[in-house]
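Q: Pasting data.cif here (mmCIF, C-alpha atoms and all ligand atoms):
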```cif
data_my_file
#
loop_
_atom_site.label_atom_id
_atom_site.label_comp_id
_atom_site.auth_asym_id
_atom_site.auth_seq_id
_atom_site.Cartn_x
_atom_site.Cartn_y
_atom_site.Cartn_z
CA MET A 1 87.86 82.53 105.70
CA GLY A 2 89.11 81.94 102.18
CA ARG A 3 88.00 85.12 100.40
CA ALA A 4 91.43 85.28 98.70
CA ALA A 5 92.01 81.51 98.60
CA GLY A 6 94.65 80.40 96.11
CA LYS A 7 95.56 83.95 95.02
CA ILE A 8 99.19 85.00 94.75
CA ALA A 9 99.48 88.57 96.04
CA LEU A 10 102.40 91.00 96.18
CA VAL A 11 102.13 93.87 98.69
CA THR A 12 104.68 96.72 98.62
CA GLY A 13 105.50 98.70 101.74
CA ALA A 14 104.54 95.62 103.75
CA SER A 15 106.82 96.27 106.75
CA SER A 16 104.54 98.83 108.41
CA GLY A 17 101.05 100.27 108.75
CA ILE A 18 98.53 99.57 106.00
CA GLY A 19 100.83 97.24 104.01
CA ARG A 20 101.49 95.12 107.08
CA ALA A 21 97.78 94.83 107.97
CA THR A 22 96.86 94.08 104.33
CA SER A 23 99.48 91.32 104.02
CA ILE A 24 98.27 89.67 107.22
CA MET A 25 94.61 89.88 106.18
CA LEU A 26 95.19 88.55 102.64
CA ALA A 27 97.20 85.63 104.06
CA ARG A 28 94.50 84.89 106.64
CA GLU A 29 92.00 84.75 103.75
CA GLY A 30 94.08 82.17 101.92
CA ALA A 31 96.42 84.19 99.69
CA LYS A 32 100.09 83.39 99.22
CA VAL A 33 101.75 86.71 99.95
CA ILE A 34 105.00 88.25 98.72
CA LEU A 35 105.80 91.06 101.14
CA THR A 36 108.22 93.71 99.89
CA ASP A 37 109.79 96.81 101.47
CA VAL A 38 113.08 98.63 101.96
CA ARG A 39 112.91 97.87 105.71
CA ASP A 40 114.06 94.25 105.83
CA PRO A 41 114.00 93.22 109.54
CA GLU A 42 110.47 94.58 110.02
CA GLY A 43 109.25 92.98 106.77
CA ARG A 44 110.79 89.61 107.64
CA ALA A 45 109.08 89.78 111.03
CA VAL A 46 105.67 90.29 109.38
CA ALA A 47 106.31 87.34 107.01
CA ASP A 48 107.33 85.20 110.01
CA GLU A 49 104.15 86.21 111.84
CA ILE A 50 102.06 85.05 108.85
CA ILE A 51 103.93 81.74 108.60
CA THR A 52 103.61 81.12 112.37
CA ALA A 53 99.84 81.64 112.02
CA GLY A 54 99.76 78.93 109.30
CA GLY A 55 99.87 81.18 106.23
CA GLU A 56 102.22 81.30 103.25
CA ALA A 57 104.52 84.31 102.82
CA ILE A 58 107.97 85.44 101.73
CA PHE A 59 109.72 88.76 102.21
CA ILE A 60 111.81 90.39 99.46
CA HIS A 61 113.90 93.55 99.73
CA HIS A 62 112.45 95.93 97.14
CA ASP A 63 112.71 99.65 96.48
CA VAL A 64 109.58 100.43 94.42
CA ALA A 65 111.38 103.30 92.63
CA SER A 66 113.90 100.84 91.15
CA GLU A 67 113.09 99.14 87.84
CA ALA A 68 115.64 96.38 88.55
CA ASP A 69 114.07 95.68 91.96
CA TRP A 70 110.66 95.16 90.30
CA THR A 71 112.19 92.58 87.97
CA ASN A 72 113.72 90.79 90.98
CA ALA A 73 110.47 90.89 92.96
CA LEU A 74 108.38 89.50 90.11
CA ASP A 75 111.00 86.80 89.39
CA ALA A 76 110.95 85.76 93.03
CA ALA A 77 107.13 85.64 93.05
CA ASN A 78 107.21 83.48 89.95
CA ARG A 79 109.88 81.12 91.26
CA ARG A 80 108.27 80.66 94.66
CA PHE A 81 104.53 80.68 93.83
CA GLY A 82 104.29 80.47 90.01
CA GLY A 83 102.75 83.80 88.96
CA LEU A 84 100.83 86.81 90.23
CA ASP A 85 97.09 87.43 90.72
CA VAL A 86 97.05 90.53 92.92
CA LEU A 87 99.37 93.53 93.25
CA VAL A 88 98.87 96.07 96.04
CA ASN A 89 100.90 99.21 95.22
CA ASN A 90 100.93 100.45 98.81
CA ALA A 91 104.46 101.79 99.49
CA GLY A 92 104.39 105.54 99.83
CA VAL A 93 106.16 108.50 101.42
CA LEU A 94 105.04 111.92 102.60
CA PHE A 95 106.64 115.16 103.68
CA ASN A 96 105.02 118.13 105.27
CA ALA A 97 106.20 121.46 103.81
CA SER A 98 104.90 124.63 102.22
CA ILE A 99 105.41 124.97 98.46
CA GLU A 100 108.13 127.58 99.06
CA GLN A 101 109.99 125.18 101.36
CA THR A 102 109.76 122.30 98.86
CA THR A 103 113.02 121.72 97.01
CA LEU A 104 113.02 120.12 93.56
CA GLU A 105 115.09 117.29 95.02
CA ARG A 106 112.46 116.48 97.68
CA TRP A 107 109.63 116.79 95.11
CA ARG A 108 111.41 114.35 92.75
CA TRP A 109 112.18 111.92 95.58
CA LEU A 110 108.52 111.78 96.60
CA MET A 111 107.37 111.38 92.98
CA SER A 112 109.91 108.60 92.42
CA VAL A 113 108.37 106.51 95.21
CA ASN A 114 104.67 107.44 94.95
CA CYS A 115 104.37 107.74 91.14
CA ASP A 116 107.30 105.90 89.51
CA GLY A 117 106.68 103.06 91.98
CA VAL A 118 103.02 102.71 91.00
CA PHE A 119 103.81 102.96 87.27
CA LEU A 120 106.64 100.40 87.41
CA GLY A 121 104.58 98.03 89.54
CA THR A 122 101.48 98.28 87.38
CA ARG A 123 103.52 97.70 84.21
CA ALA A 124 105.33 94.68 85.68
CA ALA A 125 102.08 93.19 87.02
CA ILE A 126 100.29 93.63 83.68
CA VAL A 127 103.04 91.61 81.99
CA ALA A 128 102.75 88.91 84.68
CA MET A 129 98.91 88.86 84.54
CA LYS A 130 98.50 88.76 80.74
CA GLY A 131 96.47 85.71 79.79
CA ARG A 132 95.38 84.91 83.37
CA GLY A 133 93.81 88.22 84.51
CA GLY A 134 94.28 89.79 87.91
CA SER A 135 93.64 92.70 90.24
CA ILE A 136 95.90 95.71 90.81
CA ILE A 137 95.08 97.94 93.78
CA ASN A 138 96.76 101.33 93.99
CA ILE A 139 96.75 103.05 97.37
CA SER A 140 96.07 106.72 96.72
CA SER A 141 94.68 109.04 99.44
CA ILE A 142 91.97 111.59 100.14
CA ALA A 143 94.87 113.96 99.35
CA GLY A 144 94.47 112.77 95.74
CA LEU A 145 90.86 114.02 95.78
CA VAL A 146 90.96 117.30 97.75
CA GLY A 147 93.67 119.78 98.73
CA PHE A 148 95.62 119.80 101.99
CA GLU A 149 97.83 122.68 103.09
CA ARG A 150 101.56 121.74 103.25
CA LEU A 151 100.93 118.45 101.41
CA SER A 152 101.12 119.73 97.82
CA ALA A 153 103.76 117.26 96.57
CA TYR A 154 102.02 114.36 98.30
CA GLY A 155 98.60 115.42 96.94
CA ALA A 156 100.00 115.81 93.42
CA SER A 157 101.44 112.30 93.57
CA LYS A 158 98.19 110.78 94.86
CA GLY A 159 96.10 112.63 92.26
CA ALA A 160 98.41 111.17 89.63
CA VAL A 161 97.84 107.68 91.05
CA ARG A 162 94.06 108.20 90.81
CA ALA A 163 94.17 109.31 87.13
CA PHE A 164 96.75 106.68 86.15
CA THR A 165 94.57 103.98 87.70
CA LYS A 166 91.55 104.94 85.60
CA ALA A 167 93.54 105.03 82.33
CA ALA A 168 95.17 101.68 83.11
CA ALA A 169 91.79 100.15 84.03
CA ILE A 170 90.33 101.04 80.64
CA GLU A 171 93.44 99.94 78.75
CA TYR A 172 93.49 96.46 80.34
CA ALA A 173 89.79 95.76 81.01
CA LYS A 174 89.54 93.37 78.05
CA ALA A 175 92.63 91.53 79.36
CA ARG A 176 90.61 90.88 82.58
CA ILE A 177 93.08 92.90 84.64
CA ARG A 178 91.06 95.05 87.05
CA ILE A 179 92.77 98.18 88.36
CA ASN A 180 91.29 100.29 91.16
CA SER A 181 92.44 102.93 93.63
CA VAL A 182 91.77 103.13 97.38
CA HIS A 183 91.60 106.54 99.09
CA PRO A 184 92.20 106.32 102.83
CA GLY A 185 91.42 109.16 105.21
CA GLY A 186 93.62 109.49 108.29
CA ILE A 187 94.72 106.00 109.36
CA TRP A 188 96.76 105.47 112.53
CA THR A 189 100.18 104.49 111.18
CA PRO A 190 103.64 106.09 111.55
CA MET A 191 102.78 108.22 108.48
CA LEU A 192 99.73 109.84 110.12
CA GLU A 193 101.72 110.34 113.34
CA ASP A 194 104.23 112.34 111.26
CA VAL A 195 101.41 114.71 110.31
CA LEU A 196 99.19 114.85 113.44
CA GLY A 197 101.63 113.89 116.23
CA GLU A 198 101.86 110.75 118.35
CA ARG A 199 98.68 108.72 118.80
CA GLY A 200 97.44 109.01 122.37
CA SER A 201 98.63 112.60 122.74
CA THR A 202 95.74 114.98 123.41
CA SER A 203 96.47 117.15 120.39
CA ALA A 204 96.85 114.27 117.88
CA ASP A 205 93.70 112.49 119.07
CA ALA A 206 91.74 115.75 119.02
CA ALA A 207 92.96 116.57 115.50
CA ALA A 208 92.01 113.09 114.25
CA ALA A 209 88.57 113.38 115.86
CA ALA A 210 87.94 116.86 114.46
CA MET A 211 89.06 115.86 110.98
CA HIS A 212 86.70 112.90 110.43
CA PRO A 213 82.89 113.20 110.68
CA ILE A 214 82.87 109.70 112.18
CA GLY A 215 84.83 111.16 115.13
CA HIS A 216 88.17 109.35 114.96
CA ALA A 217 90.92 108.25 112.57
CA GLY A 218 90.83 104.80 110.96
CA GLU A 219 92.84 101.65 111.66
CA PRO A 220 95.07 99.86 109.11
CA ASP A 221 92.52 97.00 109.03
CA ASP A 222 89.86 99.42 107.73
CA ILE A 223 91.96 99.76 104.55
CA ALA A 224 92.96 96.09 104.50
CA HIS A 225 89.24 95.16 104.33
CA ALA A 226 88.78 97.42 101.27
CA VAL A 227 91.85 95.90 99.60
CA LEU A 228 90.61 92.38 100.37
CA TYR A 229 87.32 93.15 98.60
CA LEU A 230 89.15 94.50 95.52
CA ALA A 231 91.57 91.54 95.53
CA SER A 232 88.79 88.97 95.76
CA ASP A 233 86.42 87.82 93.01
CA GLU A 234 83.59 89.58 94.88
CA SER A 235 84.69 92.74 93.01
CA ARG A 236 84.84 91.05 89.58
CA PHE A 237 82.71 93.83 87.96
CA VAL A 238 84.69 96.66 89.58
CA THR A 239 87.46 98.40 87.63
CA GLY A 240 88.63 102.00 87.38
CA ALA A 241 86.84 102.75 90.66
CA GLU A 242 88.05 104.94 93.51
CA LEU A 243 87.11 103.36 96.83
CA VAL A 244 87.05 106.08 99.49
CA VAL A 245 87.54 104.88 103.08
CA ASP A 246 87.74 108.10 105.05
CA GLY A 247 85.22 108.29 107.91
CA GLY A 248 83.20 110.79 105.87
CA TYR A 249 85.99 113.34 105.31
CA THR A 250 85.35 113.95 101.60
CA ALA A 251 81.54 113.78 101.95
CA GLN A 252 81.54 117.22 103.59
N1 LIG A 301 98.19 106.55 107.13
C1 LIG A 301 97.38 107.37 106.48
O1 LIG A 301 96.68 108.21 107.10
C2 LIG A 301 97.26 107.32 104.98
C3 LIG A 301 96.24 108.05 104.39
C4 LIG A 301 96.10 108.01 103.01
C5 LIG A 301 96.95 107.24 102.25
N2 LIG A 301 97.95 106.54 102.85
C6 LIG A 301 98.82 105.75 101.98
O2 LIG A 301 98.87 104.42 102.43
C7 LIG A 301 100.12 103.82 102.05
C8 LIG A 301 100.75 103.16 103.26
O3 LIG A 301 101.05 104.15 104.21
P1 LIG A 301 101.14 103.89 105.79
O4 LIG A 301 100.29 104.90 106.44
O5 LIG A 301 100.96 102.45 106.10
O6 LIG A 301 102.65 104.37 106.02
P2 LIG A 301 103.90 103.71 106.76
O7 LIG A 301 104.91 104.78 106.77
O8 LIG A 301 103.48 103.07 108.03
O9 LIG A 301 104.33 102.54 105.76
C9 LIG A 301 104.87 102.79 104.50
C10 LIG A 301 105.83 101.67 104.14
O10 LIG A 301 106.36 101.95 102.84
C11 LIG A 301 107.73 101.64 102.86
N3 LIG A 301 108.45 102.37 101.81
C12 LIG A 301 108.79 103.69 101.78
N4 LIG A 301 109.50 103.95 100.68
C13 LIG A 301 109.63 102.78 100.00
C14 LIG A 301 110.25 102.41 98.79
N5 LIG A 301 110.93 103.31 98.04
N6 LIG A 301 110.18 101.12 98.38
C15 LIG A 301 109.52 100.22 99.13
N7 LIG A 301 108.90 100.50 100.30
C16 LIG A 301 108.96 101.77 100.72
C17 LIG A 301 108.21 102.05 104.25
O11 LIG A 301 109.43 101.42 104.60
C18 LIG A 301 107.04 101.59 105.11
O12 LIG A 301 107.19 100.28 105.59
C19 LIG A 301 100.96 104.96 101.45
O13 LIG A 301 100.89 104.91 100.04
C20 LIG A 301 100.26 106.20 101.97
O14 LIG A 301 100.50 107.31 101.15
C21 LIG A 301 98.12 106.55 104.19
#
```
Hey, can you dump this file as structure tokens for me?
Ligand SMILES: NC(=O)c1ccc[n+]([C@@H]2O[C@H](COP(=O)([O-])OP(=O)(O)OC[C@H]3O[C@@H](n4cnc5c(N)ncnc54)[C@H](O)[C@@H]3O)[C@@H](O)[C@H]2O)c1
A:
Amino acid sequence: MGRAAGKIALVTGASSGIGRATSIMLAREGAKVILTDVRDPEGRAVADEIITAGGEAIFIHHDVASEADWTNALDAANRRFGGLDVLVNNAGVLFNASIEQTTLERWRWLMSVNCDGVFLGTRAAIVAMKGRGGSIINISSIAGLVGFERLSAYGASKGAVRAFTKAAAIEYAKARIRINSVHPGGIWTPMLEDVLGERGSTSADAAAAAMHPIGHAGEPDDIAHAVLYLASDESRFVTGAELVVDGGYTAQ
């Protein structure tokens, strides 16, 4: 208990999957959590779950691709908790299509969420963390490290997040703002089910098992634990790193 005690943390895409698990874990470890997402009822339910368990949380409607929404989210964090120590840029979208099937409109939509969102969030958090330091955690993917058929737009966006994270880490190291990326393998969330099929179905479970040397896909808590480490002072000497949590996928 208490590994994130006293920290004020904002988690984007907190209504589902990895963002939901991360928000719950950070709150359980003592952080005050601002949960944000475009899916309000689900996000409010996660915030309520945290409060019922004795934690501190608020939910804010927030499209990460909107500059104005970032201003609102940071203002709300400041008003309610008085600053920001941790930002988890987790919100992300994926579509499965060949390059020939990918329209410019779809490409730009994905980039607006996965890349503009991370840029706008990192910039806003740096302003909020100046003078006090902090930790920014960008959720990339193994698709930002190696290629996947039919995921070219997604992979391009996640590779951009990886490179952006390293540049930002160097630029703000002296300001004591640590910036790292996390690279999940297949994690059982609605996003993975979009790619592999419904969890529990023979074909999806077999694909997840075949994909990861460890023999199965991961759980959202496997990523939440990595984020907790990067959010906490245990990682005080870690910046510009890419933390791979993939059941051995990229070790092959
Ligand atoms: N699940 C995996 O296997 C996997 C693997 C590697 C990386 N990731 C990354 O992890 C992150 C979380 O994914 P997940 O698997 O939990 O997916 P998910 O679909 O369960 O959750 C994503 C959340 O982001 C929110 N979101 C989407 N667009 C948004 C926007 N414009 N503004 C704010 N919120 C928005 C959604 O409403 C949803 O609640 C993503 O960045 C994803 O790319 C996931």
Q: So, counting all atoms listed in the file, which residue among A:Ser140, A:Thr102, A:Thr239, A:Thr202 is closest to ligand LIG 301 (chain A)?
A: A:Ser140
Q: Which residues sit within 7 Å of ligand LIG 301 (chain A), counting all atoms listed in the file, listed as a PyMOL selection string?
A: chain A and resi 12-19+36-39+62-65+90-94+113-114+139-142+183-192
Q: Could you put an axis-aligned box around every listed atom of segment 6-16 of chain A, padded by 5 Å on each side, and send me its centre and edge lengths in Å to one decimal, as AutoDock Vina command-line options?
A:
```
--center_x 100.7 --center_y 89.6 --center_z 101.6 --size_x 22.2 --size_y 28.4 --size_z 23.7
```
Q: Please tabulate, as CSV, the residues of segment 34-108 of chain A that come within 10 Å of segment 158-178 of chain A, each with its closest pair of atoms and the distance in Å to one decimal, counting all atoms listed in the file and ordering rows by chain, then residue number upward.
A:
```
residue,atom,partner,partner_atom,distance
A:Asp85,CA,A:Ile177,CA,9.1
A:Val86,CA,A:Ile177,CA,9.5
A:Asn89,CA,A:Val161,CA,9.9
A:Gly92,CA,A:Lys158,CA,9.5
```
Q: Determine the nearest neighbour of Arg3 of chain A from the options A:Val195, A:Ala21, A:Ala27, A:Ala153, counting all atoms listed in the file.
A: A:Ala27
Q: Just how far from atom CA of Thr22 of chain A is atom CA of Asp222 of chain A, in Å to one decimal?
A: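 That distance, rounded to one decimal, is 9.4 Å.
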Q: Counting all atoms listed in the file, which residues come within 12 Å of (107.0, 127.5, 100.0), with the point read in the file's coordinates, and could you list them as a ChimeraX atom specification?
A: /A:96-104,149-153
Q: Could those selected residues go to a file with C-alpha atoms, as a tab-separated table (two decimals), keeping the file's coordinate frame?
A:
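Generated output (result37.tsv):
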```tsv
chain	number	residue	atom	x	y	z
A	96	ASN	CA	105.02	118.13	105.27
A	97	ALA	CA	106.20	121.46	103.81
A	98	SER	CA	104.90	124.63	102.22
A	99	ILE	CA	105.41	124.97	98.46
A	100	GLU	CA	108.13	127.58	99.06
A	101	GLN	CA	109.99	125.18	101.36
A	102	THR	CA	109.76	122.30	98.86
A	103	THR	CA	113.02	121.72	97.01
A	104	LEU	CA	113.02	120.12	93.56
A	149	GLU	CA	97.83	122.68	103.09
A	150	ARG	CA	101.56	121.74	103.25
A	151	LEU	CA	100.93	118.45	101.41
A	152	SER	CA	101.12	119.73	97.82
A	153	ALA	CA	103.76	117.26	96.57
```
Q: Mind pulling up the distance from atom CA of Ser181 of chain A to atom CA of Phe237 of chain A?
A: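 Here the two named atoms are 14.5 Å from each other.
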Q: I need the residue nearest Asp221 of chain A from this list: A:Ser235, A:Arg20, A:Ala9, A:Phe81. Use all atoms listed in the file for the distance.
A: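 Closest to Asp221 of chain A, using all atoms listed in the file: A:Arg20.
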Q: In Å to one decimal, how far is atom CA of His61 of chain A from atom CA of Leu35 of chain A?
A: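 Interatomic distance, atom CA of Leu35 of chain A to atom CA of His61 of chain A: 8.6 Å.
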Q: Counting all atoms listed in the file, figure out which residue out of A:Val46, A:Phe119, A:Gly55, A:Ile137 gets nearest to Ser232 of chain A.
A: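 Nearest to Ser232 of chain A: A:Ile137.
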Q: Just the residues within 9 Å of Ser112 of chain A, please, counting all atoms listed in the file, with nothing from its chain fewer than 4 positions along; format it as a VMD selection string.
A: chain A and resid 64 to 66 107 to 108 116 to 117
